[in-house]
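Chemist: Quick one, start.pdb (PDB, C-alpha atoms):
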```
ATOM      1  CA  MET T  71       0.944  18.410 -24.800  1.00  0.00           C
ATOM      2  CA  ASP T  72       3.491  20.444 -26.754  1.00  0.00           C
ATOM      3  CA  LYS T  73       6.529  18.337 -27.744  1.00  0.00           C
ATOM      4  CA  ARG T  74       8.922  20.885 -26.214  1.00  0.00           C
ATOM      5  CA  LEU T  75       7.056  20.803 -22.901  1.00  0.00           C
ATOM      6  CA  THR T  76       7.068  17.021 -22.943  1.00  0.00           C
ATOM      7  CA  LYS T  77      10.794  16.935 -23.692  1.00  0.00           C
ATOM      8  CA  THR T  78      11.560  19.455 -20.947  1.00  0.00           C
ATOM      9  CA  ASN T  79       9.398  17.592 -18.447  1.00  0.00           C
ATOM     10  CA  LYS T  80      11.267  14.392 -19.257  1.00  0.00           C
ATOM     11  CA  LYS T  81      14.584  16.203 -18.630  1.00  0.00           C
ATOM     12  CA  ILE T  82      13.323  17.351 -15.236  1.00  0.00           C
ATOM     13  CA  LEU T  83      12.112  13.857 -14.303  1.00  0.00           C
ATOM     14  CA  VAL T  84      15.377  12.238 -15.407  1.00  0.00           C
ATOM     15  CA  ALA T  85      17.413  14.832 -13.506  1.00  0.00           C
ATOM     16  CA  PHE T  86      15.345  14.322 -10.355  1.00  0.00           C
ATOM     17  CA  LYS T  87      15.629  10.548 -10.609  1.00  0.00           C
ATOM     18  CA  GLN T  88      19.415  10.838 -11.008  1.00  0.00           C
ATOM     19  CA  LEU T  89      19.631  13.131  -7.990  1.00  0.00           C
ATOM     20  CA  LEU T  90      17.511  10.765  -5.886  1.00  0.00           C
ATOM     21  CA  LYS T  91      19.947   7.956  -6.652  1.00  0.00           C
ATOM     22  CA  LYS T  92      22.878   9.895  -5.213  1.00  0.00           C
ATOM     23  CA  THR T  93      21.377  12.472  -2.825  1.00  0.00           C
ATOM     24  CA  ASN T  94      18.957  12.190   0.061  1.00  0.00           C
ATOM     25  CA  TYR T  95      15.517  13.581  -0.816  1.00  0.00           C
ATOM     26  CA  ASN T  96      15.549  16.241   1.911  1.00  0.00           C
ATOM     27  CA  ASP T  97      18.976  17.428   0.752  1.00  0.00           C
ATOM     28  CA  ILE T  98      17.833  18.013  -2.822  1.00  0.00           C
ATOM     29  CA  ILE T  99      16.882  21.587  -3.556  1.00  0.00           C
ATOM     30  CA  ILE T 100      15.186  22.922  -6.645  1.00  0.00           C
ATOM     31  CA  GLU T 101      18.451  24.558  -7.715  1.00  0.00           C
ATOM     32  CA  ASP T 102      20.039  21.069  -7.848  1.00  0.00           C
ATOM     33  CA  ILE T 103      17.263  19.846 -10.122  1.00  0.00           C
ATOM     34  CA  ILE T 104      17.600  22.893 -12.350  1.00  0.00           C
ATOM     35  CA  LYS T 105      21.360  22.366 -12.701  1.00  0.00           C
ATOM     36  CA  GLU T 106      21.046  18.629 -13.300  1.00  0.00           C
ATOM     37  CA  ALA T 107      18.326  19.144 -15.934  1.00  0.00           C
ATOM     38  CA  ASP T 108      20.217  22.063 -17.488  1.00  0.00           C
ATOM     39  CA  ILE T 109      17.176  24.327 -17.477  1.00  0.00           C
ATOM     40  CA  VAL T 110      16.320  27.740 -16.065  1.00  0.00           C
ATOM     41  CA  ARG T 111      14.296  28.298 -12.901  1.00  0.00           C
ATOM     42  CA  SER T 112      11.192  29.577 -14.713  1.00  0.00           C
ATOM     43  CA  THR T 113      11.134  26.405 -16.817  1.00  0.00           C
ATOM     44  CA  PHE T 114      11.044  24.260 -13.686  1.00  0.00           C
ATOM     45  CA  TYR T 115       8.188  26.309 -12.237  1.00  0.00           C
ATOM     46  CA  ARG T 116       6.271  26.079 -15.481  1.00  0.00           C
ATOM     47  CA  HIS T 117       6.058  22.327 -14.797  1.00  0.00           C
ATOM     48  CA  TYR T 118       6.092  22.037 -10.990  1.00  0.00           C
ATOM     49  CA  LYS T 119       5.335  24.259  -8.026  1.00  0.00           C
ATOM     50  CA  THR T 120       7.448  22.317  -5.524  1.00  0.00           C
ATOM     51  CA  LYS T 121       9.851  19.421  -5.142  1.00  0.00           C
ATOM     52  CA  ASN T 122       6.947  17.442  -3.632  1.00  0.00           C
ATOM     53  CA  ASP T 123       4.918  17.995  -6.818  1.00  0.00           C
ATOM     54  CA  LEU T 124       7.846  16.545  -8.720  1.00  0.00           C
ATOM     55  CA  LEU T 125       7.978  13.523  -6.374  1.00  0.00           C
ATOM     56  CA  THR T 126       4.247  13.040  -6.963  1.00  0.00           C
ATOM     57  CA  SER T 127       4.935  12.993 -10.691  1.00  0.00           C
ATOM     58  CA  VAL T 128       7.776  10.483 -10.304  1.00  0.00           C
ATOM     59  CA  CYS T 129       5.550   8.139  -8.264  1.00  0.00           C
ATOM     60  CA  LYS T 130       2.738   8.549 -10.773  1.00  0.00           C
ATOM     61  CA  ASP T 131       5.189   7.766 -13.585  1.00  0.00           C
ATOM     62  CA  ILE T 132       6.339   4.562 -11.856  1.00  0.00           C
ATOM     63  CA  PHE T 133       2.875   3.429 -10.807  1.00  0.00           C
ATOM     64  CA  THR T 134       1.165   4.240 -14.086  1.00  0.00           C
ATOM     65  CA  HIS T 135       3.571   1.858 -15.738  1.00  0.00           C
ATOM     66  CA  VAL T 136       3.562  -0.712 -12.934  1.00  0.00           C
ATOM     67  CA  PHE T 137      -0.214  -0.857 -12.622  1.00  0.00           C
ATOM     68  CA  SER T 138      -1.043  -0.485 -16.296  1.00  0.00           C
ATOM     69  CA  HIS T 139      -3.515  -3.034 -17.477  1.00  0.00           C
ATOM     70  CA  SER T 140      -1.875  -3.495 -20.846  1.00  0.00           C
ATOM     71  CA  LEU T 141      -0.091  -6.775 -21.159  1.00  0.00           C
ATOM     72  CA  GLU T 142       2.502  -6.254 -23.848  1.00  0.00           C
ATOM     73  CA  GLU T 143       5.814  -7.925 -24.507  1.00  0.00           C
ATOM     74  CA  GLU T 144       8.521  -5.882 -22.835  1.00  0.00           C
ATOM     75  CA  LYS T 145      12.309  -5.975 -22.644  1.00  0.00           C
ATOM     76  CA  SER T 146      12.578  -7.647 -19.249  1.00  0.00           C
ATOM     77  CA  HIS T 147       9.478  -9.843 -19.379  1.00  0.00           C
ATOM     78  CA  ASP T 148       6.563 -11.017 -21.500  1.00  0.00           C
ATOM     79  CA  PHE T 149       3.128 -11.407 -19.970  1.00  0.00           C
ATOM     80  CA  SER T 150       1.349 -10.480 -23.193  1.00  0.00           C
ATOM     81  CA  LYS T 151      -0.362 -13.851 -23.396  1.00  0.00           C
ATOM     82  CA  SER T 152      -1.542 -13.783 -19.767  1.00  0.00           C
ATOM     83  CA  SER T 153      -4.989 -12.889 -18.593  1.00  0.00           C
ATOM     84  CA  MET T 154      -5.497  -9.913 -16.289  1.00  0.00           C
ATOM     85  CA  LEU T 155      -7.572 -12.314 -14.207  1.00  0.00           C
ATOM     86  CA  ASP T 156      -4.570 -14.574 -13.654  1.00  0.00           C
ATOM     87  CA  TYR T 157      -3.684 -12.904 -10.368  1.00  0.00           C
ATOM     88  CA  LYS T 158      -0.406 -14.760  -9.831  1.00  0.00           C
ATOM     89  CA  HIS T 159       0.892 -13.661 -13.236  1.00  0.00           C
ATOM     90  CA  TYR T 160      -0.323 -10.124 -12.617  1.00  0.00           C
ATOM     91  CA  ILE T 161       1.529  -9.945  -9.287  1.00  0.00           C
ATOM     92  CA  THR T 162       4.701 -11.263 -10.930  1.00  0.00           C
ATOM     93  CA  HIS T 163       4.225  -8.707 -13.692  1.00  0.00           C
ATOM     94  CA  LEU T 164       4.026  -5.955 -11.047  1.00  0.00           C
ATOM     95  CA  PHE T 165       7.289  -7.121  -9.508  1.00  0.00           C
ATOM     96  CA  TYR T 166       8.993  -7.101 -12.925  1.00  0.00           C
ATOM     97  CA  HIS T 167       7.948  -3.484 -13.412  1.00  0.00           C
ATOM     98  CA  LEU T 168       9.183  -2.564  -9.955  1.00  0.00           C
ATOM     99  CA  ASP T 169      12.447  -4.362 -10.700  1.00  0.00           C
ATOM    100  CA  ASP T 170      12.864  -2.216 -13.818  1.00  0.00           C
ATOM    101  CA  GLU T 171      12.861   0.814 -11.481  1.00  0.00           C
ATOM    102  CA  HIS T 172      14.723  -0.793  -8.577  1.00  0.00           C
ATOM    103  CA  GLU T 173      17.522   1.812  -8.399  1.00  0.00           C
ATOM    104  CA  LEU T 174      15.014   4.622  -8.127  1.00  0.00           C
ATOM    105  CA  ILE T 175      12.845   2.671  -5.680  1.00  0.00           C
ATOM    106  CA  HIS T 176      15.919   1.974  -3.536  1.00  0.00           C
ATOM    107  CA  ALA T 177      16.762   5.685  -3.474  1.00  0.00           C
ATOM    108  CA  ILE T 178      13.206   6.617  -2.499  1.00  0.00           C
ATOM    109  CA  LEU T 179      12.834   3.896   0.152  1.00  0.00           C
ATOM    110  CA  ASN T 180      16.047   5.036   1.790  1.00  0.00           C
ATOM    111  CA  SER T 181      15.049   8.677   2.013  1.00  0.00           C
ATOM    112  CA  GLU T 182      12.435  10.887   3.597  1.00  0.00           C
ATOM    113  CA  ALA T 183      10.308  10.300   0.492  1.00  0.00           C
ATOM    114  CA  LYS T 184       9.579   6.723   1.643  1.00  0.00           C
ATOM    115  CA  VAL T 185       6.319   7.551   3.451  1.00  0.00           C
ATOM    116  CA  PHE T 186       4.952   9.362   0.420  1.00  0.00           C
ATOM    117  CA  PHE T 187       6.016   6.524  -1.901  1.00  0.00           C
ATOM    118  CA  ILE T 188       4.388   3.854   0.275  1.00  0.00           C
ATOM    119  CA  ASP T 189       1.183   5.881   0.561  1.00  0.00           C
ATOM    120  CA  SER T 190       1.089   6.263  -3.233  1.00  0.00           C
ATOM    121  CA  LEU T 191       1.814   2.574  -3.729  1.00  0.00           C
ATOM    122  CA  ASN T 192      -0.989   1.602  -1.340  1.00  0.00           C
ATOM    123  CA  LYS T 193      -3.463   3.805  -3.225  1.00  0.00           C
ATOM    124  CA  GLU T 194      -2.490   2.206  -6.541  1.00  0.00           C
ATOM    125  CA  PHE T 195      -2.457  -1.380  -5.224  1.00  0.00           C
ATOM    126  CA  THR T 196      -5.748  -1.159  -3.292  1.00  0.00           C
ATOM    127  CA  PRO T 197      -8.120  -1.709  -6.269  1.00  0.00           C
ATOM    128  CA  PHE T 198      -6.211  -4.860  -7.237  1.00  0.00           C
ATOM    129  CA  ALA T 199      -6.190  -6.141  -3.646  1.00  0.00           C
ATOM    130  CA  LYS T 200      -9.948  -5.527  -3.360  1.00  0.00           C
ATOM    131  CA  LEU T 201     -10.481  -7.434  -6.600  1.00  0.00           C
ATOM    132  CA  CYS T 202      -8.430 -10.351  -5.241  1.00  0.00           C
ATOM    133  CA  ILE T 203     -10.605 -10.429  -2.104  1.00  0.00           C
ATOM    134  CA  LYS T 204     -13.848 -10.083  -4.060  1.00  0.00           C
ATOM    135  CA  ASN T 205     -12.916 -13.010  -6.304  1.00  0.00           C
ATOM    136  CA  LYS T 206     -11.594 -14.982  -3.320  1.00  0.00           C
ATOM    137  CA  PHE T 207      -8.014 -15.204  -4.621  1.00  0.00           C
ATOM    138  CA  PHE T 208      -7.028 -13.899  -1.191  1.00  0.00           C
ATOM    139  CA  TYR T 209      -9.748 -14.690   1.240  1.00  0.00           C
ATOM    140  CA  ASN T 210     -10.123 -15.814   4.800  1.00  0.00           C
ATOM    141  CA  GLU T 211     -13.678 -16.142   6.088  1.00  0.00           C
ATOM    142  CA  LYS T 212     -12.375 -15.749   9.646  1.00  0.00           C
ATOM    143  CA  LEU T 213     -11.274 -12.166   8.956  1.00  0.00           C
ATOM    144  CA  PRO T 214     -13.255  -9.003   8.208  1.00  0.00           C
ATOM    145  CA  GLU T 215     -12.705  -7.795   4.647  1.00  0.00           C
ATOM    146  CA  MET T 216     -11.103  -4.541   5.800  1.00  0.00           C
ATOM    147  CA  LEU T 217      -8.549  -6.440   7.885  1.00  0.00           C
ATOM    148  CA  MET T 218      -7.761  -8.742   4.953  1.00  0.00           C
ATOM    149  CA  LEU T 219      -7.234  -5.707   2.725  1.00  0.00           C
ATOM    150  CA  GLU T 220      -4.907  -4.026   5.234  1.00  0.00           C
ATOM    151  CA  GLY T 221      -2.934  -7.270   5.568  1.00  0.00           C
ATOM    152  CA  ILE T 222      -2.530  -7.664   1.812  1.00  0.00           C
ATOM    153  CA  LEU T 223      -1.361  -4.061   1.445  1.00  0.00           C
ATOM    154  CA  ALA T 224       1.049  -4.376   4.378  1.00  0.00           C
ATOM    155  CA  ASN T 225       2.458  -7.631   3.012  1.00  0.00           C
ATOM    156  CA  PHE T 226       3.032  -6.090  -0.428  1.00  0.00           C
ATOM    157  CA  ILE T 227       5.012  -3.252   1.152  1.00  0.00           C
ATOM    158  CA  LEU T 228       6.833  -5.735   3.399  1.00  0.00           C
ATOM    159  CA  ILE T 229       7.931  -7.740   0.349  1.00  0.00           C
ATOM    160  CA  ILE T 230       9.172  -4.627  -1.462  1.00  0.00           C
ATOM    161  CA  GLU T 231      11.113  -3.467   1.608  1.00  0.00           C
ATOM    162  CA  TYR T 232      12.601  -6.951   2.025  1.00  0.00           C
ATOM    163  CA  TRP T 233      13.567  -6.952  -1.655  1.00  0.00           C
ATOM    164  CA  ASP T 234      15.290  -3.603  -1.233  1.00  0.00           C
ATOM    165  CA  GLN T 235      17.128  -4.768   1.902  1.00  0.00           C
ATOM    166  CA  THR T 236      18.403  -7.817   0.013  1.00  0.00           C
ATOM    167  CA  ASN T 237      19.650  -5.657  -2.885  1.00  0.00           C
ATOM    168  CA  PHE T 238      16.875  -6.837  -5.183  1.00  0.00           C
ATOM    169  CA  SER T 239      18.501 -10.267  -5.292  1.00  0.00           C
ATOM    170  CA  ASN T 240      15.240 -12.240  -5.479  1.00  0.00           C
ATOM    171  CA  SER T 241      13.446 -12.836  -8.750  1.00  0.00           C
ATOM    172  CA  PRO T 242       9.957 -11.451  -9.313  1.00  0.00           C
ATOM    173  CA  GLU T 243       8.714 -15.054  -9.337  1.00  0.00           C
ATOM    174  CA  ALA T 244      10.237 -15.720  -5.904  1.00  0.00           C
ATOM    175  CA  LEU T 245       8.703 -12.510  -4.547  1.00  0.00           C
ATOM    176  CA  THR T 246       5.325 -13.546  -5.886  1.00  0.00           C
ATOM    177  CA  ASP T 247       5.653 -16.867  -4.076  1.00  0.00           C
ATOM    178  CA  TYR T 248       6.600 -15.065  -0.833  1.00  0.00           C
ATOM    179  CA  PHE T 249       3.670 -12.694  -1.232  1.00  0.00           C
ATOM    180  CA  LEU T 250       1.242 -15.543  -1.883  1.00  0.00           C
ATOM    181  CA  THR T 251       2.586 -17.434   1.125  1.00  0.00           C
ATOM    182  CA  LEU T 252       2.118 -14.394   3.381  1.00  0.00           C
ATOM    183  CA  ASN T 253      -1.464 -14.061   2.183  1.00  0.00           C
ATOM    184  CA  TYR T 254      -2.281 -17.761   2.187  1.00  0.00           C
ATOM    185  CA  LYS T 255      -5.854 -18.276   3.245  1.00  0.00           C
ATOM    186  CA  GLY T 256      -5.105 -21.486   5.173  1.00  0.00           C
TER     187      GLY T 256
END
```
What is this file in structure tokens?
Modeler:
Amino acid sequence: MDKRLTKTNKKILVAFKQLLKKTNYNDIIIEDIIKEADIVRSTFYRHYKTKNDLLTSVCKDIFTHVFSHSLEEEKSHDFSKSSMLDYKHYITHLFYHLDDEHELIHAILNSEAKVFFIDSLNKEFTPFAKLCIKNKFFYNEKLPEMLMLEGILANFILIIEYWDQTNFSNSPEALTDYFLTLNYKG
């Protein structure tokens, strides 16, 4: 992609994220985004058709990072020496990435964009949850696989909503422990 287009897109994303932190999603209009990003209308429409397209991009931006399979040392955490097959570390790693975006996640969860965000999160988390079931990290022989999967997904969302309601006061490690407890195969 052209460097100018990339730079402009980043301005739009940053502006939208800033607006989401202080304005309800339904109250944001494209004109607000244009003003915040300091761009002209045609520039916005060169990148996005609608505000919902922009929200899709924001979710993709968060989840691409959160669910990336690269384990590199990062500012807030270092899982670079962990294995992708160490599910507990991977879950903790996910929570660290979500914590890095907690202000934005709070804004989204407390707006009309919540349903879209949760749907996107479920789609991204599903392959990992299926892998956990397949390898019996989360497994209960008394339950059908589909029900186990739905429970794991629901519990992940439940933990994130709880975290938001408690002002992100719990550590990613504590959240991982809560999540594992909710999905205990006992």
Chemist: I need the output of the PyMOL selection byres ((chain T and resi 185-195) around 12) for this file as a PyMOL selection string; which residues are they?
Modeler: chain T and resi 95+122-138+160-161+164+168+174-184+196-202+219-228+230-231
Chemist: Written as an MDAnalysis selection string, what is the full residue list that the PyMOL selection byres ((chain T and resi 107-115) around 12) yields on the file shown?
Modeler: chainID T and resid 74:89 99:106 116:121 123:124
Chemist: To verify the selection step, state as a VMD selection string which residues the PyMOL selection byres ((chain T and resi 251) around 12) yields on this input.
Modeler: chain T and resid 158 208 222 225 to 226 229 244 to 250 252 to 256
Chemist: Mind giving me the straight-line distance from CA of His167 (chain T) to CA of Asp234 (chain T) in Å, one decimal?
Modeler: 14.2 Å
Chemist: Taking every listed atom of region 116-132 of chain T and adding 5 Å to each side, what centre and edge lengths in Å (one decimal) does the axis-aligned box have, as lines of an AutoDock Vina configuration file?
Modeler:
```
center_x = 6.3
center_y = 15.3
center_z = -9.6
size_x = 17.1
size_y = 31.5
size_z = 21.8
```
Chemist: Can you fill out region 189-224 of chain T with N, CA and C atoms and hand it back as a JSON list (two decimals), in the coordinates of the input?
Modeler:
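Output file selection_15.json is given in full below:
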```json
[["chain", "number", "residue", "atom", "x", "y", "z"],
["T", 189, "ASP", "N", 2.58, 5.43, 0.62],
["T", 189, "ASP", "CA", 1.18, 5.88, 0.56],
["T", 189, "ASP", "C", 0.67, 5.83, -0.89],
["T", 190, "SER", "N", 1.48, 6.30, -1.81],
["T", 190, "SER", "CA", 1.09, 6.26, -3.23],
["T", 190, "SER", "C", 0.94, 4.83, -3.73],
["T", 191, "LEU", "N", 1.87, 3.98, -3.32],
["T", 191, "LEU", "CA", 1.81, 2.57, -3.73],
["T", 191, "LEU", "C", 0.56, 1.91, -3.19],
["T", 192, "ASN", "N", 0.23, 2.16, -1.94],
["T", 192, "ASN", "CA", -0.99, 1.60, -1.34],
["T", 192, "ASN", "C", -2.23, 2.03, -2.12],
["T", 193, "LYS", "N", -2.31, 3.31, -2.47],
["T", 193, "LYS", "CA", -3.46, 3.80, -3.22],
["T", 193, "LYS", "C", -3.59, 3.10, -4.58],
["T", 194, "GLU", "N", -2.47, 2.86, -5.22],
["T", 194, "GLU", "CA", -2.49, 2.21, -6.54],
["T", 194, "GLU", "C", -2.79, 0.71, -6.43],
["T", 195, "PHE", "N", -2.30, 0.07, -5.37],
["T", 195, "PHE", "CA", -2.46, -1.38, -5.22],
["T", 195, "PHE", "C", -3.82, -1.77, -4.65],
["T", 196, "THR", "N", -4.47, -0.86, -3.95],
["T", 196, "THR", "CA", -5.75, -1.16, -3.29],
["T", 196, "THR", "C", -6.81, -1.72, -4.22],
["T", 197, "PRO", "N", -7.07, -1.13, -5.40],
["T", 197, "PRO", "CA", -8.12, -1.71, -6.27],
["T", 197, "PRO", "C", -7.83, -3.17, -6.65],
["T", 198, "PHE", "N", -6.56, -3.48, -6.91],
["T", 198, "PHE", "CA", -6.21, -4.86, -7.24],
["T", 198, "PHE", "C", -6.43, -5.78, -6.03],
["T", 199, "ALA", "N", -6.02, -5.33, -4.86],
["T", 199, "ALA", "CA", -6.19, -6.14, -3.65],
["T", 199, "ALA", "C", -7.67, -6.39, -3.37],
["T", 200, "LYS", "N", -8.50, -5.37, -3.56],
["T", 200, "LYS", "CA", -9.95, -5.53, -3.36],
["T", 200, "LYS", "C", -10.51, -6.53, -4.35],
["T", 201, "LEU", "N", -10.03, -6.49, -5.58],
["T", 201, "LEU", "CA", -10.48, -7.43, -6.60],
["T", 201, "LEU", "C", -10.09, -8.87, -6.22],
["T", 202, "CYS", "N", -8.88, -9.02, -5.69],
["T", 202, "CYS", "CA", -8.43, -10.35, -5.24],
["T", 202, "CYS", "C", -9.32, -10.89, -4.12],
["T", 203, "ILE", "N", -9.72, -10.01, -3.20],
["T", 203, "ILE", "CA", -10.60, -10.43, -2.10],
["T", 203, "ILE", "C", -11.99, -10.75, -2.65],
["T", 204, "LYS", "N", -12.51, -9.88, -3.49],
["T", 204, "LYS", "CA", -13.85, -10.08, -4.06],
["T", 204, "LYS", "C", -13.95, -11.42, -4.79],
["T", 205, "ASN", "N", -12.91, -11.76, -5.54],
["T", 205, "ASN", "CA", -12.92, -13.01, -6.30],
["T", 205, "ASN", "C", -12.30, -14.18, -5.54],
["T", 206, "LYS", "N", -12.07, -13.96, -4.25],
["T", 206, "LYS", "CA", -11.59, -14.98, -3.32],
["T", 206, "LYS", "C", -10.22, -15.57, -3.68],
["T", 207, "PHE", "N", -9.40, -14.78, -4.40],
["T", 207, "PHE", "CA", -8.01, -15.20, -4.62],
["T", 207, "PHE", "C", -7.26, -15.12, -3.29],
["T", 208, "PHE", "N", -7.47, -14.03, -2.57],
["T", 208, "PHE", "CA", -7.03, -13.90, -1.19],
["T", 208, "PHE", "C", -8.30, -13.79, -0.38],
["T", 209, "TYR", "N", -8.51, -14.75, 0.47],
["T", 209, "TYR", "CA", -9.75, -14.69, 1.24],
["T", 209, "TYR", "C", -9.62, -15.57, 2.47],
["T", 210, "ASN", "N", -10.09, -15.04, 3.57],
["T", 210, "ASN", "CA", -10.12, -15.81, 4.80],
["T", 210, "ASN", "C", -11.43, -15.47, 5.49],
["T", 211, "GLU", "N", -12.35, -16.42, 5.53],
["T", 211, "GLU", "CA", -13.68, -16.14, 6.09],
["T", 211, "GLU", "C", -13.63, -15.80, 7.57],
["T", 212, "LYS", "N", -12.50, -16.06, 8.23],
["T", 212, "LYS", "CA", -12.38, -15.75, 9.65],
["T", 212, "LYS", "C", -12.04, -14.28, 9.89],
["T", 213, "LEU", "N", -11.69, -13.56, 8.81],
["T", 213, "LEU", "CA", -11.27, -12.17, 8.96],
["T", 213, "LEU", "C", -12.26, -11.21, 8.30],
["T", 214, "PRO", "N", -12.45, -10.03, 8.89],
["T", 214, "PRO", "CA", -13.26, -9.00, 8.21],
["T", 214, "PRO", "C", -12.53, -8.56, 6.93],
["T", 215, "GLU", "N", -13.29, -8.18, 5.94],
["T", 215, "GLU", "CA", -12.70, -7.80, 4.65],
["T", 215, "GLU", "C", -11.69, -6.66, 4.79],
["T", 216, "MET", "N", -12.00, -5.67, 5.62],
["T", 216, "MET", "CA", -11.10, -4.54, 5.80],
["T", 216, "MET", "C", -9.75, -4.99, 6.38],
["T", 217, "LEU", "N", -9.78, -5.93, 7.30],
["T", 217, "LEU", "CA", -8.55, -6.44, 7.88],
["T", 217, "LEU", "C", -7.75, -7.24, 6.85],
["T", 218, "MET", "N", -8.44, -8.02, 6.03],
["T", 218, "MET", "CA", -7.76, -8.74, 4.95],
["T", 218, "MET", "C", -7.06, -7.76, 4.01],
["T", 219, "LEU", "N", -7.78, -6.70, 3.64],
["T", 219, "LEU", "CA", -7.23, -5.71, 2.72],
["T", 219, "LEU", "C", -5.99, -5.07, 3.32],
["T", 220, "GLU", "N", -6.07, -4.65, 4.58],
["T", 220, "GLU", "CA", -4.91, -4.03, 5.23],
["T", 220, "GLU", "C", -3.72, -4.99, 5.29],
["T", 221, "GLY", "N", -4.00, -6.27, 5.53],
["T", 221, "GLY", "CA", -2.93, -7.27, 5.57],
["T", 221, "GLY", "C", -2.27, -7.46, 4.21],
["T", 222, "ILE", "N", -3.07, -7.51, 3.17],
["T", 222, "ILE", "CA", -2.53, -7.66, 1.81],
["T", 222, "ILE", "C", -1.65, -6.47, 1.46],
["T", 223, "LEU", "N", -2.14, -5.27, 1.74],
["T", 223, "LEU", "CA", -1.36, -4.06, 1.44],
["T", 223, "LEU", "C", -0.06, -4.05, 2.25],
["T", 224, "ALA", "N", -0.14, -4.37, 3.53],
["T", 224, "ALA", "CA", 1.05, -4.38, 4.38],
["T", 224, "ALA", "C", 2.05, -5.42, 3.90]]
```
